[in-house]
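What follows is one structure encoded as structure tokens, with my remarks underneath.
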Amino acid sequence: MMKLHELLEFDPALREWQAKPEMNPLTEEHALQEAQLLEVRFDALRLKVGILFDLRMALQLREATTGLLVASGVRDFSWSGPSRDTAMTCWTVDGSELGGSSDSFELVLGLWPPAGELVLRADSAAFFAGDVSNLRGGIDDYVDLKQSEVDAYLPHWNSSFSLVSAVFRDA
Amino acid sequence: MMTYEIPRGTPELHPNVTGVRIMDPTTTGKYPYPQGYAAYMNKSGDTVNPLSGAGIDRNHPFARLPLP
């Protein structure tokens, strides 16, 4: 069992992890469809980005509750989206498009509510899927969720995490 | 993808339902929707049951309504 944030500095031995997710978000377009974007952590010192997803509504990734994409050698990262009049927003991936070339990884997430977009370009990337322990189910929606309840219902960086599958993409 | 706002007071739909997404066909992966699907949303963007207005499990038949 590890903490999710520890995967930002993942052990190279994890590259030998045999189990793969049902679809590979690093090589197959729209593998992240209907996943929920929760949080992004940008480490400017080491040029790393971690993107945290709740997979409980994901269309194709159903073997784990939580996903974490870790990009290294970040060259470009941007977020754009509309202003919101709700305290919290459920950003749902409606499309995950891949680009880049032989020496880079590029991901564009189109998000609902409309016009949300996250763009990432990096030298390499890894995607980890797994389960967060003691994650409460039965969340109705974000309309009535209190800030103090968020950690109980949603994966976060300090969540204890059991790895289920992992994939890697290098330059 | 197309999105439509649901007018308040629309018959048969719960008042919490504020919009519907019409998703493009999905033909890859283990869970294809060859004609696309519809998903109802509340004001925070959560996928909801259109009749109860409550959050919904991924496997509930109303979570993603296949298009004919």
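Just remember, in the structure tokens the first chain shown is A, the second B, etc., residues are 1-based per chain, and ligands are 1-based in the order shown.
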Compile a residue-level contact table for chain A against chain B at a cut-off of 7 Å, reporting for every qualifying residue the shortest atom pair and its distance in Å to one decimal, with only C-alpha atoms counted, rows ordered by chain and ascending number, as a tab-separated table.
residue	atom	partner	partner_atom	distance
A:Met23	CA	B:Gly29	CA	6.6
A:Met57	CA	B:Arg58	CA	5.1
A:Leu59	CA	B:Tyr31	CA	6.8
A:Gln60	CA	B:Tyr31	CA	6.1
A:Thr86	CA	B:Ser44	CA	6.2
A:Met88	CA	B:Ser44	CA	6.6
A:Thr89	CA	B:Ser44	CA	4.9
A:Cys90	CA	B:Gly45	CA	4.9
A:Trp91	CA	B:Gly45	CA	6.7
A:Pro113	CA	B:Gly45	CA	6.0
A:Ile139	CA	B:Gly55	CA	6.7
A:Asp140	CA	B:Gly55	CA	4.1
A:Asp141	CA	B:Gly55	CA	5.2
A:Tyr142	CA	B:Ser44	CA	6.0
A:Val143	CA	B:Ser44	CA	6.0
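Near range 48-54 of chain A, within 8 Å and counting only C-alpha atoms, sit Leu8, Ala35, Gln36, Leu37, Leu38, Glu39, Val40, Arg41, Phe42, Asp43, Ala44, Leu45, Arg46, Arg56, Met57, Ala58, Thr65, Thr66, Gly67, Leu68, Leu69, Val70, Ala71, Ser72, Gly73, Val74, Leu154, Pro155 and His156 of chain A, not including residues fewer than 2 positions from it in the same chain.
Around Gln18 in chain A, within 9 Å and counting only C-alpha atoms, the residues found are A:Ser165, A:Ala166, A:Val167, once anything fewer than 6 positions away on its own chain is removed.
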Taking only chain B into account, list the residues labelled strand (DSSP E) by DSSP (computed from the backbone), as a short mmCIF file (atom, residue, chain, number, x, y, z; two decimals) with N, CA and C atoms, in the first residue's frame.
data_model
loop_
_atom_site.label_atom_id
_atom_site.label_comp_id
_atom_site.auth_asym_id
_atom_site.auth_seq_id
_atom_site.Cartn_x
_atom_site.Cartn_y
_atom_site.Cartn_z
N MET B 2 -22.74 16.65 -28.34
CA MET B 2 -23.67 17.78 -28.32
C MET B 2 -24.23 17.89 -26.90
N THR B 3 -24.48 19.11 -26.46
CA THR B 3 -25.10 19.29 -25.16
C THR B 3 -26.33 20.18 -25.30
N TYR B 4 -27.31 19.87 -24.51
CA TYR B 4 -28.55 20.64 -24.54
C TYR B 4 -28.96 20.96 -23.11
N GLU B 5 -29.40 22.18 -22.90
CA GLU B 5 -29.96 22.54 -21.61
C GLU B 5 -31.38 22.01 -21.52
N GLY B 19 -29.27 19.34 -17.85
CA GLY B 19 -28.77 19.20 -19.20
C GLY B 19 -28.60 17.76 -19.61
N VAL B 20 -28.39 17.58 -20.88
CA VAL B 20 -28.14 16.23 -21.41
C VAL B 20 -26.98 16.30 -22.40
N ARG B 21 -26.12 15.33 -22.31
CA ARG B 21 -25.02 15.19 -23.27
C ARG B 21 -25.38 14.10 -24.26
N ILE B 22 -25.19 14.37 -25.52
CA ILE B 22 -25.34 13.34 -26.54
C ILE B 22 -23.95 13.01 -27.04
N MET B 23 -23.51 11.82 -26.72
CA MET B 23 -22.12 11.44 -26.99
C MET B 23 -21.99 10.74 -28.34
N TYR B 37 -24.55 7.61 -27.06
CA TYR B 37 -25.42 7.50 -25.89
C TYR B 37 -25.74 8.88 -25.33
N ALA B 38 -26.73 8.89 -24.47
CA ALA B 38 -27.14 10.13 -23.82
C ALA B 38 -26.92 10.00 -22.33
N ALA B 39 -26.50 11.09 -21.69
CA ALA B 39 -26.32 11.10 -20.24
C ALA B 39 -26.90 12.41 -19.70
N TYR B 40 -27.68 12.30 -18.65
CA TYR B 40 -28.30 13.48 -18.04
C TYR B 40 -27.41 14.01 -16.91
N MET B 41 -27.40 15.31 -16.75
CA MET B 41 -26.50 15.96 -15.81
C MET B 41 -27.25 16.92 -14.91
N LEU B 65 -27.72 6.12 -21.78
CA LEU B 65 -28.83 5.58 -22.56
C LEU B 65 -28.39 5.42 -24.00
N PRO B 66 -28.28 4.17 -24.48
CA PRO B 66 -27.82 3.95 -25.86
C PRO B 66 -28.78 4.59 -26.85
#
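Coordinates place CA of Ser104 in chain A at a distance of 9.1 Å from CA of Arg169 in chain A.
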Quick one: pull the distance between CA of Asn49 in chain B and CA of Leu13 in chain B, Å, one decimal. 9.1 Å
Just the residues within 7 Å of Val108 in chain A, please, counting only C-alpha atoms, with nothing from its chain fewer than 4 positions along; format it as a list in words. Ser96, Glu97, Leu98, Leu118, Val119 and Leu120 of chain A
Please save N, CA and C atoms of the selected residues as an mmCIF file, in the first residue's frame.
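Printed below is again07.cif as written:
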data_model
loop_
_atom_site.group_PDB
_atom_site.id
_atom_site.type_symbol
_atom_site.label_atom_id
_atom_site.label_comp_id
_atom_site.auth_asym_id
_atom_site.auth_seq_id
_atom_site.Cartn_x
_atom_site.Cartn_y
_atom_site.Cartn_z
ATOM 1 N N SER A 96 -10.464 11.868 -24.905
ATOM 2 C CA SER A 96 -9.026 11.967 -24.614
ATOM 3 C C SER A 96 -8.291 11.673 -25.916
ATOM 4 N N GLU A 97 -7.668 12.710 -26.475
ATOM 5 C CA GLU A 97 -7.004 12.593 -27.773
ATOM 6 C C GLU A 97 -5.501 12.610 -27.567
ATOM 7 N N LEU A 98 -4.845 11.806 -28.363
ATOM 8 C CA LEU A 98 -3.397 11.654 -28.235
ATOM 9 C C LEU A 98 -2.697 12.262 -29.441
ATOM 10 N N LEU A 118 -7.866 20.368 -21.071
ATOM 11 C CA LEU A 118 -6.547 20.237 -20.470
ATOM 12 C C LEU A 118 -5.602 19.721 -21.557
ATOM 13 N N VAL A 119 -4.471 20.384 -21.693
ATOM 14 C CA VAL A 119 -3.487 19.991 -22.710
ATOM 15 C C VAL A 119 -2.164 19.694 -22.010
ATOM 16 N N LEU A 120 -1.555 18.594 -22.392
ATOM 17 C CA LEU A 120 -0.287 18.187 -21.785
ATOM 18 C C LEU A 120 0.647 17.674 -22.872
#
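The two atoms in question, CA of Trp79 in chain A and CA of Gly116 in chain A, are spaced 7.6 Å apart.
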Which neighbours of Ser101 in chain A fall inside 12 Å, counting only C-alpha atoms, when residues of the same chain fewer than 6 positions from it are skipped, and could you give them as number ranges by chain? A: 27, 107, 121-124, 169-171
